[in-house]
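Colleague: coords_2.pdb (PDB, C-alpha atoms) pasted underneath:
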ATOM      1  CA  ALA A   1     -12.628  -1.701  -9.495
ATOM      2  CA  LEU A   2     -12.526   0.364 -12.683
ATOM      3  CA  GLN A   3     -16.164  -0.518 -13.305
ATOM      4  CA  LEU A   4     -17.086   0.778  -9.837
ATOM      5  CA  GLN A   5     -15.229   4.023 -10.472
ATOM      6  CA  LEU A   6     -16.942   4.383 -13.854
ATOM      7  CA  GLU A   7     -20.349   3.861 -12.265
ATOM      8  CA  ASP A   8     -19.525   6.414  -9.554
ATOM      9  CA  SER A   9     -18.439   8.888 -12.215
ATOM     10  CA  LYS A  10     -21.653   8.383 -14.183
ATOM     11  CA  LYS A  11     -23.746   8.981 -11.063
ATOM     12  CA  PHE A  12     -21.745  12.086 -10.272
ATOM     13  CA  ILE A  13     -22.116  13.453 -13.825
ATOM     14  CA  SER A  14     -25.860  12.756 -13.861
ATOM     15  CA  LEU A  15     -26.191  14.546 -10.519
ATOM     16  CA  LEU A  16     -24.462  17.613 -11.939
ATOM     17  CA  GLY A  17     -27.151  17.987 -14.581
ATOM     18  CA  SER A  18     -30.088  16.986 -12.435
ATOM     19  CA  GLU A  19     -32.982  19.286 -11.639
ATOM     20  CA  LYS A  20     -32.671  18.341  -7.974
ATOM     21  CA  LEU A  21     -29.129  19.705  -7.786
ATOM     22  CA  SER A  22     -30.166  22.862  -9.633
ATOM     23  CA  ILE A  23     -33.000  23.466  -7.171
ATOM     24  CA  ASN A  24     -30.701  22.891  -4.218
ATOM     25  CA  LEU A  25     -28.106  25.265  -5.602
ATOM     26  CA  GLU A  26     -30.736  27.898  -6.216
ATOM     27  CA  LYS A  27     -31.843  27.624  -2.612
ATOM     28  CA  GLU A  28     -28.284  27.957  -1.450
ATOM     29  CA  ARG A  29     -27.761  31.064  -3.589
ATOM     30  CA  LYS A  30     -30.507  32.682  -1.575
ATOM     31  CA  GLY A  31     -28.756  31.704   1.638
ATOM     32  CA  SER A  32     -25.234  32.328   2.885
ATOM     33  CA  ASN A  33     -22.135  31.916   0.753
ATOM     34  CA  SER A  34     -20.663  29.513   3.289
ATOM     35  CA  ALA A  35     -23.625  27.169   2.887
ATOM     36  CA  LEU A  36     -23.270  27.276  -0.900
ATOM     37  CA  LYS A  37     -19.623  26.276  -0.705
ATOM     38  CA  LYS A  38     -20.642  23.052   1.024
ATOM     39  CA  LYS A  39     -22.472  22.039  -2.144
ATOM     40  CA  ILE A  40     -19.429  22.494  -4.363
ATOM     41  CA  VAL A  41     -17.736  19.208  -5.084
ATOM     42  CA  ASP A  42     -14.132  18.955  -3.879
ATOM     43  CA  ASN A  43     -12.298  17.177  -6.673
ATOM     44  CA  ASP A  44      -9.458  16.121  -4.387
ATOM     45  CA  SER A  45     -11.875  14.496  -1.945
ATOM     46  CA  TYR A  46     -13.584  12.655  -4.805
ATOM     47  CA  TYR A  47     -10.200  11.446  -6.101
ATOM     48  CA  PHE A  48      -8.952  10.182  -2.741
ATOM     49  CA  LYS A  49     -12.307   8.576  -1.963
ATOM     50  CA  SER A  50     -12.000   6.519  -5.144
ATOM     51  CA  TYR A  51      -8.668   5.184  -3.856
ATOM     52  CA  SER A  52     -10.280   4.047  -0.607
ATOM     53  CA  HIS A  53     -11.765   1.044  -2.459
ATOM     54  CA  TYR A  54      -9.916  -2.266  -1.996
ATOM     55  CA  GLY A  55     -10.508  -3.254  -5.603
ATOM     56  CA  ILE A  56      -8.275  -0.716  -7.278
ATOM     57  CA  HIS A  57      -5.355  -1.564  -4.968
ATOM     58  CA  GLU A  58      -5.863  -5.271  -5.563
ATOM     59  CA  GLN A  59      -5.723  -4.616  -9.285
ATOM     60  CA  MET A  60      -2.480  -2.651  -8.969
ATOM     61  CA  LEU A  61      -0.836  -5.269  -6.739
ATOM     62  CA  LYS A  62      -1.799  -8.005  -9.193
ATOM     63  CA  ASP A  63      -0.060  -6.048 -11.952
ATOM     64  CA  THR A  64       3.089  -8.132 -11.556
ATOM     65  CA  VAL A  65       5.062  -6.142 -14.138
ATOM     66  CA  ARG A  66       4.445  -2.913 -12.224
ATOM     67  CA  THR A  67       4.954  -4.297  -8.723
ATOM     68  CA  SER A  68       7.981  -6.445  -9.502
ATOM     69  CA  SER A  69       9.626  -3.587 -11.418
ATOM     70  CA  TYR A  70       9.464  -1.393  -8.318
ATOM     71  CA  GLU A  71      10.626  -4.265  -6.138
ATOM     72  CA  GLN A  72      13.634  -4.978  -8.357
ATOM     73  CA  ALA A  73      14.528  -1.286  -8.671
ATOM     74  CA  ILE A  74      14.433  -0.728  -4.905
ATOM     75  CA  LEU A  75      15.846  -4.006  -3.590
ATOM     76  CA  GLY A  76      18.376  -4.081  -6.415
ATOM     77  CA  ASN A  77      19.856  -0.746  -5.293
ATOM     78  CA  PRO A  78      20.375  -1.163  -1.542
ATOM     79  CA  ASN A  79      23.209   1.364  -1.610
ATOM     80  CA  LEU A  80      20.655   4.081  -2.379
ATOM     81  CA  PHE A  81      18.393   3.051   0.527
ATOM     82  CA  GLN A  82      20.687   1.770   3.269
ATOM     83  CA  ASP A  83      20.370   4.068   6.314
ATOM     84  CA  LYS A  84      18.503   6.650   4.221
ATOM     85  CA  VAL A  85      15.334   8.675   4.836
ATOM     86  CA  VAL A  86      12.667   7.781   2.282
ATOM     87  CA  LEU A  87       9.411   9.588   1.464
ATOM     88  CA  ASP A  88       6.618   7.588  -0.190
ATOM     89  CA  VAL A  89       4.071   9.941  -1.794
ATOM     90  CA  GLY A  90       0.636   8.350  -2.233
ATOM     91  CA  CYS A  91       1.624   5.173  -0.419
ATOM     92  CA  GLY A  92      -1.686   3.319  -0.818
ATOM     93  CA  THR A  93      -1.275  -0.112   0.767
ATOM     94  CA  GLY A  94       2.341   0.703   1.642
ATOM     95  CA  VAL A  95       3.988  -1.857  -0.641
ATOM     96  CA  LEU A  96       6.699   0.537  -1.877
ATOM     97  CA  SER A  97       7.387   1.649   1.690
ATOM     98  CA  ILE A  98       7.907  -1.965   2.701
ATOM     99  CA  PHE A  99      10.301  -2.493  -0.211
ATOM    100  CA  ALA A 100      12.274   0.564   0.956
ATOM    101  CA  ALA A 101      12.363  -0.742   4.524
ATOM    102  CA  LYS A 102      13.565  -4.128   3.295
ATOM    103  CA  ALA A 103      16.305  -2.357   1.324
ATOM    104  CA  GLY A 104      17.637  -0.946   4.603
ATOM    105  CA  ALA A 105      16.072   2.520   4.927
ATOM    106  CA  LYS A 106      16.393   3.877   8.459
ATOM    107  CA  LYS A 107      13.135   5.847   8.175
ATOM    108  CA  VAL A 108      10.283   5.720   5.671
ATOM    109  CA  ILE A 109       7.588   8.399   5.771
ATOM    110  CA  SER A 110       4.484   7.199   3.961
ATOM    111  CA  VAL A 111       1.794   9.727   3.028
ATOM    112  CA  ASP A 112      -1.672   9.127   1.617
ATOM    113  CA  ASP A 113      -4.926  11.068   1.874
ATOM    114  CA  SER A 114      -7.233   8.114   1.241
ATOM    115  CA  ASN A 115      -8.666   5.882   3.954
ATOM    116  CA  MET A 116      -6.550   3.042   2.593
ATOM    117  CA  ILE A 117      -3.781   4.306   4.862
ATOM    118  CA  HIS A 118      -5.561   2.622   7.795
ATOM    119  CA  GLN A 119      -5.128  -0.717   6.026
ATOM    120  CA  ALA A 120      -1.535   0.211   5.254
ATOM    121  CA  GLN A 121      -0.924   0.562   9.004
ATOM    122  CA  LYS A 122      -2.092  -3.022   9.513
ATOM    123  CA  ILE A 123       0.054  -4.259   6.619
ATOM    124  CA  VAL A 124       3.127  -2.470   7.972
ATOM    125  CA  ALA A 125       2.501  -3.959  11.431
ATOM    126  CA  ALA A 126       2.041  -7.443   9.966
ATOM    127  CA  ASN A 127       5.464  -7.087   8.318
ATOM    128  CA  ASN A 128       7.081  -5.815  11.549
ATOM    129  CA  PHE A 129       8.171  -2.462  10.147
ATOM    130  CA  GLU A 130       6.390  -0.172  12.642
ATOM    131  CA  ASP A 131       9.766   1.077  13.897
ATOM    132  CA  VAL A 132      10.844   2.113  10.404
ATOM    133  CA  ILE A 133       7.693   3.205   8.559
ATOM    134  CA  ILE A 134       5.718   6.263   9.696
ATOM    135  CA  LEU A 135       2.284   6.599   8.100
ATOM    136  CA  ILE A 136       0.654  10.021   7.797
ATOM    137  CA  LYS A 137      -2.824  10.745   6.440
ATOM    138  CA  GLY A 138      -3.105  13.937   4.432
ATOM    139  CA  LYS A 139      -2.352  15.632   1.143
ATOM    140  CA  ILE A 140       1.380  16.150   0.797
ATOM    141  CA  GLU A 141       0.980  19.823  -0.143
ATOM    142  CA  ASN A 142      -1.025  20.594   2.996
ATOM    143  CA  ILE A 143       0.820  18.790   5.777
ATOM    144  CA  GLU A 144       4.095  19.158   7.632
ATOM    145  CA  LEU A 145       6.282  16.074   7.825
ATOM    146  CA  PRO A 146       8.497  15.096  10.779
ATOM    147  CA  VAL A 147      11.629  15.891   8.751
ATOM    148  CA  ALA A 148      13.434  19.112   7.924
ATOM    149  CA  LYS A 149      13.761  20.578   4.454
ATOM    150  CA  GLY A 150      16.448  18.698   2.559
ATOM    151  CA  GLU A 151      16.459  15.723   4.936
ATOM    152  CA  VAL A 152      14.824  13.196   2.585
ATOM    153  CA  ASP A 153      17.284  11.123   0.573
ATOM    154  CA  VAL A 154      14.832   9.288  -1.687
ATOM    155  CA  VAL A 155      11.318  10.142  -2.906
ATOM    156  CA  ILE A 156       9.369   7.147  -4.182
ATOM    157  CA  SER A 157       5.920   7.165  -5.704
ATOM    158  CA  GLU A 158       3.704   5.280  -8.118
ATOM    159  CA  TRP A 159       2.239   8.429  -9.662
ATOM    160  CA  MET A 160       1.803   7.266 -13.263
ATOM    161  CA  GLY A 161      -1.723   6.985 -14.604
ATOM    162  CA  TYR A 162      -3.224   6.128 -17.964
ATOM    163  CA  ALA A 163      -1.195   7.797 -20.735
ATOM    164  CA  LEU A 164       1.347   8.529 -17.971
ATOM    165  CA  PHE A 165      -0.158  11.805 -16.737
ATOM    166  CA  PHE A 166      -3.857  10.914 -16.339
ATOM    167  CA  GLU A 167      -3.985  10.986 -12.530
ATOM    168  CA  THR A 168      -2.287  14.423 -12.385
ATOM    169  CA  MET A 169      -0.377  13.240  -9.303
ATOM    170  CA  LEU A 170       3.003  14.377 -10.593
ATOM    171  CA  PRO A 171       2.625  17.943  -9.194
ATOM    172  CA  SER A 172       2.279  16.443  -5.702
ATOM    173  CA  VAL A 173       5.469  14.434  -6.162
ATOM    174  CA  ILE A 174       7.309  17.512  -7.439
ATOM    175  CA  SER A 175       6.045  19.468  -4.428
ATOM    176  CA  ALA A 176       7.408  16.794  -2.093
ATOM    177  CA  ARG A 177      10.735  16.816  -3.909
ATOM    178  CA  ASP A 178      11.095  20.580  -3.744
ATOM    179  CA  ARG A 179      10.143  20.775  -0.068
ATOM    180  CA  TYR A 180      11.962  17.819   1.423
ATOM    181  CA  MET A 181      14.522  16.144  -0.851
ATOM    182  CA  SER A 182      18.222  16.807  -0.303
ATOM    183  CA  VAL A 183      20.325  18.284  -3.107
ATOM    184  CA  ASN A 184      22.038  14.900  -3.491
ATOM    185  CA  GLY A 185      18.774  12.954  -3.267
ATOM    186  CA  THR A 186      17.068  10.903  -5.940
ATOM    187  CA  MET A 187      13.580   9.882  -7.039
ATOM    188  CA  PHE A 188      12.077   6.531  -7.986
ATOM    189  CA  PRO A 189      11.230   6.776 -10.831
ATOM    190  CA  ASN A 190      13.311   9.754 -11.956
ATOM    191  CA  ALA A 191      12.718   9.483 -15.712
ATOM    192  CA  CYS A 192       9.817   8.387 -17.899
ATOM    193  CA  GLN A 193       9.110   8.023 -21.594
ATOM    194  CA  ILE A 194       5.831   8.322 -23.439
ATOM    195  CA  TYR A 195       5.241   7.158 -26.980
ATOM    196  CA  LEU A 196       2.454   8.551 -29.146
ATOM    197  CA  GLU A 197       1.207   7.441 -32.503
ATOM    198  CA  GLY A 198      -1.372   9.249 -34.549
ATOM    199  CA  GLY A 199      -4.361   7.466 -36.009
ATOM    200  CA  GLN A 200      -7.670   8.145 -37.709
ATOM    201  CA  ASP A 201     -10.937   6.427 -38.527
ATOM    202  CA  ARG A 202     -11.488   5.556 -42.178
TER     203      ARG A 202
END
What would the structure in this file look like if it were written as structure tokens?
Modeller:
Amino acid sequence: ALQLQLEDSKKFISLLGSEKLSINLEKERKGSNSALKKKIVDNDSYYFKSYSHYGIHEQMLKDTVRTSSYEQAILGNPNLFQDKVVLDVGCGTGVLSIFAAKAGAKKVISVDDSNMIHQAQKIVAANNFEDVIILIKGKIENIELPVAKGEVDVVISEWMGYALFFETMLPSVISARDRYMSVNGTMFPNACQIYLEGGQDR
């Protein structure tokens, strides 16, 4: 999956410097501004498209340390989930949403802007959680959820990337927290640590 993303990135980068793109952009400059905007790459769309591939989700699910850590944290704290409203930001295949439902959540709102959410709907149905888990396609900053401000008890998300912040998904999680989480709510995870060590070539 990572190899596919790397290849896609290389193609994208080569396109940016290609003569063909330059010619097309020059033509668009002579036309309307609205037409030119269609040629500008939307970074968010590129990001979410990359998460529509099965491979990257398979890789994450096979990361047993990651997946089991979330499972233990959620199922091991049923008092935080029982009869609560949970928001899953960037739900992907919906595995964290299912953990929350198993822990007793009365409602789980699962949001993702990639096409993987269509597979998540099938996975949720296969696990008989359609009455608990609501799946919504869209970017969390741009959509309105079927809950009032302060109604969410728990915000869950697997937002960490390489070197913790690589995917720059944390701002979306913070946005969800600020818009929907109650003053007595909590987040999973709610604390992280990063360790750095300097090095040099000799």
Colleague: If you apply the PyMOL selection byres ((chain A and resi 86) around 9) to this file, what residues do you get, as a ChimeraX atom specification?
Modeller: /A:81,84-85,87-88,97,100-101,105-110,152-156
Colleague: Under the rule that all atoms listed in the file are counted, which of A:Gln119, A:Ser157, A:Met187, A:Asp112 is the nearest residue to Lys137 of chain A?
Modeller: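 Ranking A:Gln119, A:Ser157, A:Met187, A:Asp112 by distance to Lys137 of chain A, first place goes to A:Asp112.
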Colleague: Figure out the distance between atom CA of Val132 of chain A and atom CA of Gly76 of chain A, please, to one decimal in Å.
Modeller: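 Those two atoms sit 19.4 Å apart.
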Colleague: Please determine, counting only C-alpha atoms, which residue among A:Trp159, A:Arg179, A:His118, A:Asn127 has the shortest atom-to-atom distance to Leu145 of chain A.
Modeller: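 So, comparing all the options, the nearest one is A:Arg179.
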Colleague: Identify which of the residues A:Ser182, A:Ser175, A:Gln193, A:Thr67 lies closest to Glu151 of chain A, counting only C-alpha atoms when measuring atom-to-atom distances.
Modeller: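 Under the stated criterion, the closest residue is A:Ser182.
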Colleague: Padding of 8 Å on every side, edges along x, y and z, all listed atoms of segment 78-97 of chain A included: what centre and edge lengths in Å, to one decimal, does that box have, as JSON?
Modeller:
{"center_x": 10.8, "center_y": 4.0, "center_z": 2.0, "size_x": 40.9, "size_y": 27.8, "size_z": 24.7}
Colleague: Rank nothing, just name the residue among A:Gly150, A:Met160, A:Tyr180, A:Gly90 nearest to Gly138 of chain A, using only C-alpha atoms.
Modeller: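 Using only C-alpha atoms, the shortest distance to Gly138 of chain A belongs to A:Gly90.
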Colleague: Using Å and a single decimal, report how far atom CA of Asp178 of chain A sits from atom CA of Gly94 of chain A.
Modeller: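 Atom-to-atom, atom CA of Gly94 of chain A and atom CA of Asp178 of chain A are spaced 22.4 Å apart.
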Colleague: Ranking A:Leu80, A:Val124, A:Ile117, A:Ala176 by minimum distance to Ile136 of chain A and counting only C-alpha atoms, which one comes first?
Modeller: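 Looking only at the distances to Ile136 of chain A, the closest residue turns out to be A:Ile117.
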Colleague: What does the distance from atom CA of Thr64 of chain A to atom CA of Leu135 of chain A come to in Å, to one decimal?
Modeller: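 For atom CA of Thr64 of chain A relative to atom CA of Leu135 of chain A, the distance reads 24.6 Å.
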